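The file start31.txt comes next; it holds compact mmCIF, C-alpha atoms.
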```
# COMPACT_ATOMS: atom_id res chain seq x y z
CA MET L 39 0.00 0.00 0.00
CA LYS L 40 1.22 3.45 -0.89
CA LYS L 41 0.71 6.51 1.25
CA SER L 42 -1.88 8.11 -1.03
CA GLN L 43 -3.98 4.94 -1.02
CA ILE L 44 -4.05 4.88 2.79
CA ILE L 45 -5.18 8.53 2.92
CA LEU L 46 -7.94 7.87 0.38
CA PHE L 47 -9.01 4.79 2.37
CA ILE L 48 -9.38 6.84 5.56
CA LEU L 49 -11.32 9.62 3.80
CA SER L 50 -13.77 7.27 2.08
CA LEU L 51 -14.33 5.25 5.25
CA LEU L 52 -15.12 8.50 7.07
CA ILE L 53 -17.68 9.50 4.44
CA TRP L 54 -19.22 6.00 4.52
CA THR L 55 -19.55 6.20 8.31
CA PHE L 56 -21.32 9.56 8.04
CA LEU L 57 -23.69 8.19 5.42
CA THR L 58 -24.67 5.20 7.57
CA TRP L 59 -24.85 6.97 10.91
CA PRO L 60 -25.21 5.64 13.69
CA PRO L 61 -22.21 3.29 13.25
CA ASP L 62 -22.63 -0.41 13.91
CA ILE L 63 -20.44 -3.42 13.19
CA GLN L 64 -22.09 -4.65 9.97
CA HIS L 65 -21.93 -1.27 8.26
CA ILE L 66 -18.30 -0.81 9.31
CA ILE L 67 -17.29 -4.19 7.85
CA VAL L 68 -18.99 -3.48 4.50
CA GLY L 69 -17.46 0.01 4.53
CA ILE L 70 -13.94 -1.37 5.06
CA LEU L 71 -14.37 -3.75 2.11
CA VAL L 72 -15.76 -1.09 -0.25
CA ALA L 73 -13.29 1.64 0.79
CA GLY L 74 -10.41 -0.81 0.40
CA LEU L 75 -11.49 -1.70 -3.14
CA VAL L 76 -12.00 1.95 -4.13
CA SER L 77 -8.69 3.15 -2.69
CA TYR L 78 -6.80 0.22 -4.25
CA LEU L 79 -8.20 0.98 -7.69
CA THR L 80 -8.09 4.81 -7.74
CA GLY L 81 -5.43 5.69 -5.19
CA ASP L 82 -3.14 7.67 -7.47
CA LEU L 83 -5.85 9.72 -9.21
CA PHE L 84 -7.00 11.97 -6.39
CA VAL L 85 -4.13 12.40 -3.94
CA LYS L 86 -1.03 13.74 -5.68
CA ARG L 87 1.15 14.85 -2.77
CA PRO L 88 0.34 12.80 0.36
CA HIS L 89 2.88 14.46 2.66
CA HIS L 90 0.69 17.57 2.74
CA PHE L 91 -1.96 15.71 4.74
CA LEU L 92 0.40 15.20 7.67
CA SER L 93 1.31 18.77 8.63
CA PRO L 94 -0.97 20.24 11.32
CA ALA L 95 -0.33 23.88 10.34
CA ARG L 96 -2.35 23.39 7.15
CA TYR L 97 -5.38 22.20 9.14
CA LEU L 98 -5.14 25.25 11.41
CA TRP L 99 -5.03 27.58 8.40
CA PHE L 100 -8.03 25.72 6.97
CA LEU L 101 -9.96 26.33 10.20
CA TYR L 102 -9.07 30.03 9.90
CA TYR L 103 -10.23 30.02 6.26
CA ILE L 104 -13.78 28.76 7.03
CA PRO L 105 -15.11 31.84 8.95
CA VAL L 106 -13.53 34.23 6.42
CA PHE L 107 -15.28 32.33 3.63
CA ILE L 108 -18.68 32.30 5.40
CA TRP L 109 -18.47 36.04 6.10
CA GLU L 110 -17.68 36.81 2.44
CA CYS L 111 -20.57 34.53 1.38
CA LEU L 112 -23.04 36.41 3.57
CA LYS L 113 -21.85 39.77 2.20
CA ALA L 114 -22.25 38.42 -1.33
CA ASN L 115 -25.82 37.33 -0.71
CA ILE L 116 -26.88 40.64 0.81
CA ASP L 117 -25.22 42.47 -2.10
CA VAL L 118 -27.07 40.35 -4.69
CA ALA L 119 -30.39 40.77 -2.87
CA ARG L 120 -29.90 44.56 -2.85
CA ARG L 121 -29.15 44.62 -6.57
CA VAL L 122 -32.10 42.39 -7.46
CA VAL L 123 -34.82 44.28 -5.61
CA HIS L 124 -33.58 47.75 -6.61
CA PRO L 125 -35.89 49.28 -9.28
CA ASP L 126 -33.03 50.56 -11.49
CA LEU L 127 -30.97 47.32 -11.51
CA PRO L 128 -27.59 48.90 -10.54
CA ILE L 129 -25.35 46.51 -12.50
CA ASN L 130 -22.29 47.28 -14.60
CA PRO L 131 -21.08 43.89 -15.86
CA GLY L 132 -17.99 42.82 -17.76
CA ILE L 133 -15.35 40.10 -18.01
CA VAL L 134 -11.91 41.02 -16.62
CA LYS L 135 -8.61 39.19 -16.44
CA VAL L 136 -6.70 38.60 -13.21
CA LYS L 137 -3.39 36.98 -12.41
CA THR L 138 -2.55 34.71 -9.51
CA ASN L 139 0.60 33.19 -8.10
CA LEU L 140 -0.91 29.86 -7.07
CA LYS L 141 0.32 26.83 -9.01
CA SER L 142 -1.20 23.55 -7.75
CA ASP L 143 -4.51 22.24 -9.09
CA THR L 144 -6.25 21.96 -5.73
CA ALA L 145 -5.38 25.53 -4.79
CA LEU L 146 -6.64 26.84 -8.13
CA THR L 147 -9.90 24.90 -7.76
CA PHE L 148 -10.48 26.29 -4.30
CA LEU L 149 -9.60 29.80 -5.49
CA ALA L 150 -12.13 29.56 -8.34
CA ASN L 151 -14.81 28.24 -5.97
CA SER L 152 -14.16 31.03 -3.46
CA ILE L 153 -14.28 33.65 -6.20
CA THR L 154 -17.59 32.30 -7.44
CA LEU L 155 -19.20 32.50 -4.01
CA THR L 156 -17.91 35.96 -3.01
CA PRO L 157 -19.39 39.40 -3.77
CA GLY L 158 -20.05 40.17 -7.41
CA THR L 159 -17.54 37.86 -9.08
CA MET L 160 -17.73 34.54 -10.97
CA SER L 161 -14.90 32.65 -12.64
CA VAL L 162 -15.48 31.92 -16.34
CA ASP L 163 -12.26 30.31 -17.54
CA ILE L 164 -8.87 29.42 -16.13
CA ILE L 165 -5.44 28.90 -17.67
CA PRO L 166 -3.43 26.95 -15.11
CA GLU L 167 -0.03 27.20 -16.85
CA GLU L 168 0.14 31.01 -16.71
CA GLY L 169 -2.04 31.48 -13.62
CA ILE L 170 -4.61 33.60 -15.43
CA LEU L 171 -8.30 33.65 -14.53
CA TYR L 172 -11.12 35.26 -16.52
CA ILE L 173 -13.71 36.65 -14.15
CA HIS L 174 -17.21 37.92 -14.78
CA TRP L 175 -17.67 40.93 -12.50
CA ILE L 176 -21.14 42.32 -11.93
CA ASP L 177 -19.85 45.80 -11.03
CA VAL L 178 -16.58 46.54 -12.84
CA LYS L 179 -14.41 48.93 -10.83
CA ASP L 180 -11.15 48.61 -12.78
CA LYS L 181 -10.23 47.01 -16.10
CA ASP L 182 -6.50 46.82 -15.44
CA ILE L 183 -5.02 43.40 -14.61
CA GLN L 184 -2.99 44.53 -11.60
CA LYS L 185 -5.68 46.55 -9.86
CA ALA L 186 -8.41 43.97 -10.49
CA SER L 187 -6.11 41.30 -9.05
CA GLU L 188 -5.54 43.48 -6.00
CA ILE L 189 -9.29 43.78 -5.40
CA ILE L 190 -10.46 40.25 -6.23
CA VAL L 191 -7.71 37.70 -5.63
CA ARG L 192 -5.56 38.99 -2.75
CA ARG L 193 -8.18 38.32 -0.08
CA PHE L 194 -7.84 34.55 -0.48
CA GLU L 195 -4.46 34.05 -2.09
CA LYS L 196 -2.41 34.43 1.08
CA ILE L 197 -4.50 31.93 3.08
CA LEU L 198 -4.82 29.41 0.23
CA SER L 199 -1.08 29.41 -0.48
CA LYS L 200 -0.51 28.54 3.19
CA ILE L 201 -3.00 25.67 2.96
CA PHE L 202 -2.35 24.00 -0.38
CA GLU L 203 1.04 25.02 -1.75
CA MET Z 292 -40.27 55.77 -16.26
CA MET Z 293 -41.38 52.59 -18.04
CA LYS Z 294 -38.91 50.62 -15.93
CA ARG Z 295 -40.36 51.95 -12.69
CA LEU Z 296 -43.87 51.09 -13.86
CA ARG Z 297 -42.90 47.51 -14.63
CA TRP Z 298 -41.16 47.24 -11.27
CA LEU Z 299 -44.31 48.47 -9.53
CA ILE Z 300 -46.52 45.98 -11.39
CA GLY Z 301 -44.20 43.13 -10.44
CA LEU Z 302 -44.16 44.25 -6.82
CA ILE Z 303 -47.96 44.28 -6.73
CA ILE Z 304 -48.19 40.76 -8.24
CA ILE Z 305 -45.64 39.34 -5.78
CA GLY Z 306 -47.41 41.14 -2.91
CA ILE Z 307 -50.74 39.55 -3.90
CA ILE Z 308 -49.14 36.09 -4.05
CA PHE Z 309 -47.53 36.57 -0.63
CA TRP Z 310 -50.83 37.80 0.81
CA LEU Z 311 -52.51 34.65 -0.51
CA ILE Z 312 -49.77 32.45 0.96
CA PHE Z 313 -49.76 33.97 4.44
CA ASN Z 314 -53.45 34.77 4.94
CA TYR Z 315 -55.42 32.04 3.21
CA PRO Z 316 -56.61 29.43 5.73
CA PHE Z 317 -55.06 26.30 4.29
CA THR Z 318 -56.63 23.00 5.23
CA SER Z 319 -53.87 20.82 6.56
CA LEU Z 320 -52.83 18.30 3.93
CA LEU Z 321 -50.77 15.87 6.01
CA GLU Z 322 -51.86 17.03 9.48
CA TRP Z 323 -48.58 18.81 10.15
CA GLN Z 324 -48.37 20.42 13.53
CA SER Z 325 -46.42 23.52 12.60
CA LYS Z 326 -48.37 26.08 10.61
CA GLY Z 327 -45.38 28.29 9.82
CA LEU Z 328 -43.43 25.67 7.91
CA GLU Z 329 -46.47 24.78 5.84
CA ARG Z 330 -46.42 28.28 4.42
CA ALA Z 331 -42.69 28.21 3.84
CA PHE Z 332 -43.25 25.38 1.36
CA PHE Z 333 -45.35 27.63 -0.79
CA VAL Z 334 -42.58 30.24 -0.99
CA LEU Z 335 -40.22 27.52 -2.26
CA LEU Z 336 -42.87 26.46 -4.78
CA LEU Z 337 -43.02 30.08 -5.96
CA CYS Z 338 -39.22 29.93 -6.51
CA GLY Z 339 -39.74 26.77 -8.57
CA ILE Z 340 -42.38 28.57 -10.64
CA PHE Z 341 -39.85 31.38 -11.33
CA CYS Z 342 -37.39 28.76 -12.58
CA LEU Z 343 -40.05 27.22 -14.83
CA LEU Z 344 -40.85 30.69 -16.17
CA ARG Z 345 -37.20 31.18 -17.14
CA ILE Z 346 -37.16 27.73 -18.79
CA MET Z 347 -40.24 28.74 -20.78
CA LEU Z 348 -39.06 32.25 -21.78
CA GLY Z 349 -35.29 31.83 -22.00
CA PRO Z 350 -33.99 33.24 -25.30
CA THR Z 351 -30.93 30.97 -25.52
CA PRO Z 352 -30.42 27.30 -24.54
CA ALA Z 353 -27.87 28.40 -21.93
CA ASP Z 354 -30.63 30.15 -19.95
CA ARG Z 355 -32.63 26.96 -19.82
CA VAL Z 356 -29.68 24.87 -18.64
CA VAL Z 357 -28.93 27.42 -15.86
CA SER Z 358 -32.53 27.22 -14.79
CA ILE Z 359 -32.49 23.42 -14.65
CA ASP Z 360 -29.36 23.55 -12.48
CA ILE Z 361 -30.99 25.95 -10.01
CA LEU Z 362 -34.14 23.82 -9.93
CA GLY Z 363 -32.07 20.80 -8.90
CA ILE Z 364 -30.59 22.66 -5.91
CA LEU Z 365 -34.06 23.91 -4.94
CA VAL Z 366 -35.39 20.33 -4.87
CA LEU Z 367 -32.62 19.45 -2.39
CA GLY Z 368 -33.81 22.24 -0.11
CA PHE Z 369 -37.39 21.10 -0.54
CA CYS Z 370 -36.53 17.53 0.47
CA ALA Z 371 -34.64 18.78 3.53
CA LEU Z 372 -37.59 20.94 4.57
CA LEU Z 373 -40.03 18.06 4.06
CA GLY Z 374 -38.14 15.97 6.61
CA ILE Z 375 -38.94 18.26 9.55
CA PRO Z 376 -42.76 18.25 9.93
CA THR Z 377 -43.27 14.66 8.75
CA GLY Z 378 -40.49 13.32 10.97
CA ARG Z 379 -39.19 10.89 8.34
CA ASP Z 380 -35.42 10.66 7.92
CA TRP Z 381 -35.27 9.22 4.42
CA TYR Z 382 -36.32 12.41 2.64
CA ILE Z 383 -32.76 13.70 2.95
CA ASP Z 384 -31.56 10.53 1.15
CA ILE Z 385 -33.74 11.46 -1.81
CA GLY Z 386 -32.22 14.94 -1.66
CA ILE Z 387 -28.63 13.62 -1.76
CA ALA Z 388 -29.39 11.35 -4.73
CA TRP Z 389 -31.15 14.18 -6.58
CA ALA Z 390 -28.26 16.62 -6.00
CA LEU Z 391 -25.71 14.09 -7.32
CA GLN Z 392 -27.76 13.39 -10.44
CA SER Z 393 -28.36 17.10 -11.02
CA PHE Z 394 -24.63 17.91 -10.74
CA ILE Z 395 -23.63 15.21 -13.23
CA SER Z 396 -26.37 16.14 -15.71
CA THR Z 397 -25.41 19.82 -15.49
CA LEU Z 398 -21.80 18.98 -16.32
CA ALA Z 399 -22.96 16.88 -19.29
CA LEU Z 400 -25.20 19.68 -20.57
CA ALA Z 401 -22.37 22.21 -20.20
CA LYS Z 402 -20.12 19.96 -22.28
CA TYR Z 403 -22.89 19.74 -24.86
CA LEU Z 404 -23.18 23.55 -24.97
CA GLU Z 405 -19.43 23.94 -25.38
CA GLY Z 406 -19.22 21.71 -28.42
CA ARG Z 407 -21.56 23.61 -30.69
CA ASN Z 408 -21.87 27.12 -32.06
CA PHE Z 409 -25.26 28.76 -32.31
CA ASP Z 410 -24.22 31.65 -34.62
CA GLU Z 411 -22.82 29.62 -37.42
CA MET I 294 -33.79 26.74 22.07
CA ASN I 295 -32.33 24.71 19.19
CA GLU I 296 -35.71 24.74 17.46
CA LEU I 297 -35.86 28.53 17.61
CA PHE I 298 -32.42 28.82 15.96
CA GLY I 299 -33.49 26.19 13.44
CA TYR I 300 -36.53 28.26 12.49
CA ILE I 301 -34.33 31.38 12.12
CA PHE I 302 -31.90 29.56 9.80
CA ILE I 303 -34.75 28.13 7.70
CA VAL I 304 -36.46 31.51 7.29
CA VAL I 305 -33.19 33.20 6.29
CA GLY I 306 -32.47 30.39 3.81
CA ILE I 307 -35.89 30.57 2.20
CA SER I 308 -35.69 34.34 1.79
CA PHE I 309 -32.25 34.03 0.13
CA ASP I 310 -33.67 31.33 -2.18
CA PHE I 311 -36.50 33.68 -3.11
CA PHE I 312 -34.11 36.55 -3.94
CA GLY I 313 -31.98 34.24 -6.04
CA CYS I 314 -34.93 33.06 -8.12
CA LEU I 315 -36.16 36.64 -8.46
CA GLY I 316 -32.73 37.47 -9.89
CA LEU I 317 -33.15 34.59 -12.33
CA VAL I 318 -36.22 36.33 -13.71
CA ARG I 319 -35.17 39.99 -13.54
CA LEU I 320 -31.52 40.21 -14.64
CA PRO I 321 -30.74 40.75 -18.33
CA ASP I 322 -28.27 38.08 -19.53
CA VAL I 323 -27.04 34.55 -18.85
CA TYR I 324 -23.93 35.47 -16.85
CA ASN I 325 -25.69 37.86 -14.48
CA ARG I 326 -28.49 35.36 -13.92
CA LEU I 327 -25.99 32.57 -13.27
CA GLN I 328 -24.11 34.72 -10.81
CA ALA I 329 -27.09 35.88 -8.75
CA SER I 330 -28.91 32.58 -8.67
CA THR I 331 -25.88 30.40 -7.94
CA LYS I 332 -24.75 32.51 -4.98
CA CYS I 333 -28.13 33.00 -3.39
CA VAL I 334 -29.55 29.51 -3.92
CA THR I 335 -26.37 27.78 -2.72
CA LEU I 336 -26.17 29.67 0.55
CA GLY I 337 -29.95 29.55 1.02
CA THR I 338 -30.14 25.79 0.64
CA SER I 339 -27.09 25.34 2.89
CA SER I 340 -28.87 27.41 5.49
CA ILE I 341 -32.02 25.25 5.24
CA LEU I 342 -29.89 22.12 5.66
CA PHE I 343 -28.17 23.62 8.72
CA GLY I 344 -31.61 24.35 10.15
CA LEU I 345 -32.50 20.67 9.62
CA PHE I 346 -29.28 19.74 11.48
CA LEU I 347 -30.29 21.96 14.42
CA PHE I 348 -33.70 20.28 14.54
CA LYS I 349 -32.46 16.70 14.35
CA GLY I 350 -29.18 16.89 16.30
CA PHE I 351 -26.55 14.18 15.77
CA SER I 352 -28.96 11.61 14.35
CA ALA I 353 -28.89 10.00 10.90
CA ALA I 354 -30.64 12.89 9.12
CA GLY I 355 -28.59 15.57 10.86
CA ILE I 356 -25.23 14.06 9.90
CA LYS I 357 -26.43 13.57 6.33
CA ALA I 358 -27.48 17.22 6.21
CA LEU I 359 -23.95 18.30 7.22
CA LEU I 360 -22.47 16.04 4.52
CA CYS I 361 -24.89 17.56 2.02
CA ILE I 362 -23.71 21.11 2.93
CA VAL I 363 -20.08 20.20 2.17
CA PHE I 364 -21.11 18.51 -1.09
CA LEU I 365 -23.19 21.50 -2.18
CA LEU I 366 -20.46 24.07 -1.38
CA LEU I 367 -17.96 22.03 -3.42
CA THR I 368 -20.12 21.27 -6.46
CA ALA I 369 -22.37 24.29 -7.07
CA PRO I 370 -19.50 26.69 -8.04
CA VAL I 371 -18.00 23.99 -10.26
CA SER I 372 -21.22 23.59 -12.23
CA ALA I 373 -21.62 27.39 -12.46
CA HIS I 374 -18.06 27.64 -13.83
CA ALA I 375 -18.71 24.89 -16.41
CA LEU I 376 -21.97 26.50 -17.49
CA ALA I 377 -20.41 29.96 -17.90
CA ARG I 378 -17.60 28.51 -20.01
CA GLY I 379 -20.01 26.47 -22.11
CA ALA I 380 -22.30 29.44 -22.67
CA HIS I 381 -19.39 31.66 -23.76
CA LYS I 382 -18.04 29.02 -26.13
CA SER I 383 -21.49 28.38 -27.61
CA GLY I 384 -21.60 32.02 -28.73
CA VAL I 385 -23.78 33.77 -26.14
CA ARG I 386 -22.51 37.37 -25.91
CA LEU I 387 -22.66 39.70 -22.92
CA TRP I 388 -25.42 42.24 -22.30
CA GLU I 389 -25.11 45.25 -24.64
CA ASN I 390 -24.41 47.73 -21.81
CA SER I 391 -21.45 45.70 -20.55
CA VAL I 392 -18.14 47.43 -19.94
CA CYS I 393 -15.54 45.06 -21.36
CA ASP I 394 -15.04 41.47 -22.51
CA LYS I 395 -11.37 40.51 -22.21
CA TYR I 396 -12.14 36.83 -22.74
CA LEU I 397 -13.67 37.44 -26.18
CA GLU I 398 -10.67 39.59 -27.23
CA ASP I 399 -8.19 36.92 -26.15
CA THR I 400 -10.03 34.01 -27.73
CA GLU I 401 -10.44 35.85 -31.04
CA ASN I 402 -6.74 36.70 -31.22
CA GLU I 403 -5.72 33.06 -31.10
```

Could you write out this structure as structure tokens?
Amino acid sequence: MKKSQIILFILSLLIWTFLTWPPDIQHIIVGILVAGLVSYLTGDLFVKRPHHFLSPARYLWFLYYIPVFIWECLKANIDVARRVVHPDLPINPGIVKVKTNLKSDTALTFLANSITLTPGTMSVDIIPEEGILYIHWIDVKDKDIQKASEIIVRRFEKILSKIFE
Amino acid sequence: MMKRLRWLIGLIIIGIIFWLIFNYPFTSLLEWQSKGLERAFFVLLLCGIFCLLRIMLGPTPADRVVSIDILGILVLGFCALLGIPTGRDWYIDIGIAWALQSFISTLALAKYLEGRNFDE
Amino acid sequence: MNELFGYIFIVVGISFDFFGCLGLVRLPDVYNRLQASTKCVTLGTSSILFGLFLFKGFSAAGIKALLCIVFLLLTAPVSAHALARGAHKSGVRLWENSVCDKYLEDTENE
């Protein structure tokens, strides 16, 4: 067994236990069989760098990331509700280009997800080799790459690079 | 001026619907104990009707696919809400299965949109 | 006490759902609609599920509701991203009062 397969086994067993809550012995045995089969077959596909799962600092940064994310989500929802019920529809949309320093696939996925759920922005396309994201912005404040990156990306980039890079 | 008028007409229609939802004495369908939740269902049904309206009117196929995606997430919320007054735990299982199916079908429809040009 | 907080979460979630679907009807083009409805409906449904968790506690339905929240927060932005990309590639243009479209410029230059 490789390291990545063991990590995938633990994760899938955890999800199986949650799905068949409350845990009893029959469900656990079936779960061990199924999770073992799945992790043996697809171990290398999902977990690329298993040593990242062992450092506790990343989990602490992830715990710090959750309240920041929920707060931004709430602001986004109130902003959208204000724009939708306003009689004049105060929108000013456009697609802008931003640049990021993140490299790994997981970090880029989480960055795109966070951008989609935060105020006024939604990721349209992504070029992972150059670190360029195209973003649909409902209220364009600046068309320049540098300034748009300052406004949109910098909030999350620092935390996400601590977690995933 | 025309915009404001349309906004006002829409506000009046939505106000009438909300008045009907919160003031009409519904006869209890499944003998639920909580009256408040029973009315919350009708607000979610109104959301579903908005989605169906966008499916009907949408000028491009992309609008319709977006609407189907949103309808799938709404059904998940509906299943979760249905579990509280009836006290049955398996409604949330239906919700999980529906959300998975909806996600996969949305990805397939997005791939289908990407592979074809509507101008040419 | 838990039931009171559950009711508050459910009411907030349903009102966010309503605003999201109102945005689906009112806003002028695909991208704006996608943006408003994805944000509002995702957080609204998550809030309803959290209300269900507060009602049921750590029973089978409550744990499944928590799992559903994680699943929804991971998948809804991904499907929105795929839909926006597919719509742009299928030739749907932005609203005529839009400011700029850098993506169209870059894809036409290639």

Could you list, with a cut-off of 7 Å and counting all atoms listed in the file, the residues of chain I near chain Z, each shown with its nearest atom pair and the distance in Å rounded to one decimal, rows sorted by chain and ascending number, as JSON lines?
```
{"residue": "I:Ile307", "atom": "CA", "partner": "Z:Leu335", "partner_atom": "CA", "distance": 6.9}
{"residue": "I:Phe311", "atom": "CA", "partner": "Z:Cys338", "partner_atom": "CA", "distance": 5.7}
{"residue": "I:Cys314", "atom": "CA", "partner": "Z:Cys338", "partner_atom": "CA", "distance": 5.5}
{"residue": "I:Val318", "atom": "CA", "partner": "Z:Arg345", "partner_atom": "CA", "distance": 6.3}
{"residue": "I:Val323", "atom": "CA", "partner": "Z:Asp354", "partner_atom": "CA", "distance": 5.8}
{"residue": "I:Leu327", "atom": "CA", "partner": "Z:Val357", "partner_atom": "CA", "distance": 6.5}
{"residue": "I:Thr338", "atom": "CA", "partner": "Z:Gly368", "partner_atom": "CA", "distance": 5.2}
{"residue": "I:Ile341", "atom": "CA", "partner": "Z:Gly368", "partner_atom": "CA", "distance": 6.4}
{"residue": "I:Leu342", "atom": "CA", "partner": "Z:Ala371", "partner_atom": "CA", "distance": 6.2}
{"residue": "I:Leu345", "atom": "CA", "partner": "Z:Ala371", "partner_atom": "CA", "distance": 6.7}
{"residue": "I:Ala354", "atom": "CA", "partner": "Z:Asp380", "partner_atom": "CA", "distance": 5.4}
{"residue": "I:Cys361", "atom": "CA", "partner": "Z:Ile387", "partner_atom": "CA", "distance": 6.6}
{"residue": "I:Ser372", "atom": "CA", "partner": "Z:Leu398", "partner_atom": "CA", "distance": 6.2}
{"residue": "I:Ala375", "atom": "CA", "partner": "Z:Ala401", "partner_atom": "CA", "distance": 5.9}
{"residue": "I:Leu376", "atom": "CA", "partner": "Z:Ala401", "partner_atom": "CA", "distance": 5.1}
{"residue": "I:Gly379", "atom": "CA", "partner": "Z:Glu405", "partner_atom": "CA", "distance": 4.2}
{"residue": "I:Ala380", "atom": "CA", "partner": "Z:Ala353", "partner_atom": "CA", "distance": 5.7}
{"residue": "I:Lys382", "atom": "CA", "partner": "Z:Glu405", "partner_atom": "CA", "distance": 5.3}
{"residue": "I:Ser383", "atom": "CA", "partner": "Z:Asn408", "partner_atom": "CA", "distance": 4.6}
{"residue": "I:Gly384", "atom": "CA", "partner": "Z:Asn408", "partner_atom": "CA", "distance": 5.9}
```

Contacts of chain L with chain I up to 6 Å, shortest pair per row, only C-alpha atoms, as JSON lines:
```
{"residue": "L:Trp59", "atom": "CA", "partner": "I:Ala353", "partner_atom": "CA", "distance": 5.1}
{"residue": "L:Asn115", "atom": "CA", "partner": "I:Cys333", "partner_atom": "CA", "distance": 5.6}
{"residue": "L:Ala119", "atom": "CA", "partner": "I:Phe312", "partner_atom": "CA", "distance": 5.7}
{"residue": "L:Val122", "atom": "CA", "partner": "I:Gly316", "partner_atom": "CA", "distance": 5.5}
{"residue": "L:Pro131", "atom": "CA", "partner": "I:Ser391", "partner_atom": "CA", "distance": 5.0}
{"residue": "L:Gly132", "atom": "CA", "partner": "I:Cys393", "partner_atom": "CA", "distance": 4.9}
{"residue": "L:Ile133", "atom": "CA", "partner": "I:Asp394", "partner_atom": "CA", "distance": 4.7}
{"residue": "L:Val134", "atom": "CA", "partner": "I:Lys395", "partner_atom": "CA", "distance": 5.6}
{"residue": "L:Asn151", "atom": "CA", "partner": "I:Pro370", "partner_atom": "CA", "distance": 5.4}
{"residue": "L:Thr154", "atom": "CA", "partner": "I:Pro370", "partner_atom": "CA", "distance": 6.0}
{"residue": "L:Leu155", "atom": "CA", "partner": "I:Lys332", "partner_atom": "CA", "distance": 5.6}
{"residue": "L:Val162", "atom": "CA", "partner": "I:Arg378", "partner_atom": "CA", "distance": 5.4}
```

Report as number ranges by chain the set of chain L residues whose atoms approach chain Z to within 10 Å, with distances computed over only C-alpha atoms. L: 57, 123-127

At what distance in Å, to one decimal, does atom CA of Arg326 of chain I lie from atom CA of Arg121 of chain L? 11.8 Å

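Across the model, the gap from atom CA of Gly299 of chain I to atom CA of Thr156 of chain L is 24.7 Å.
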
Could you work out how far atom CA of Phe202 of chain L lies from atom CA of Leu101 of chain L, giving the answer in Å with one decimal?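 If I compute the distance from atom CA of Leu101 of chain L to atom CA of Phe202 of chain L, I get 13.2 Å.
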
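Among the candidates L:Asp180, L:Ile45, L:His65, L:Ser152, the one nearest to Glu110 of chain L when counting all atoms listed in the file is L:Ser152.
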
Any idea what's packed within 9 Å of Ile183 of chain L, counting all atoms listed in the file, ignoring anything in its chain fewer than 5 positions away? Could you give it as a PyMOL selection string? chain L and resi 134-137+188

Counting all atoms listed in the file, what is within 8 Å of Gly344 of chain I, bar same-chain residues fewer than 3 positions away, as number ranges by chain? I: 298-303, 340-341, 347-348

I'd like the contact shell of Leu71 of chain L - 12 Å cut-off, all atoms listed in the file, skipping same-chain residues fewer than 4 positions apart - returned as a PyMOL selection string. chain L and resi 47+50-51+54+64-67+75-78

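Using all atoms listed in the file, the protein and nucleic acid residues lying at most 12 Å from the point (0.8, 36.7, -9.7) are Lys135, Val136, Lys137, Thr138, Asn139, Leu140, Lys141, Pro166, Glu167, Glu168, Gly169, Ile170, Leu171, Ile183, Gln184, Lys185, Ala186, Ser187, Glu188, Val191, Arg192, Glu195, Lys196 and Ser199 of chain L.
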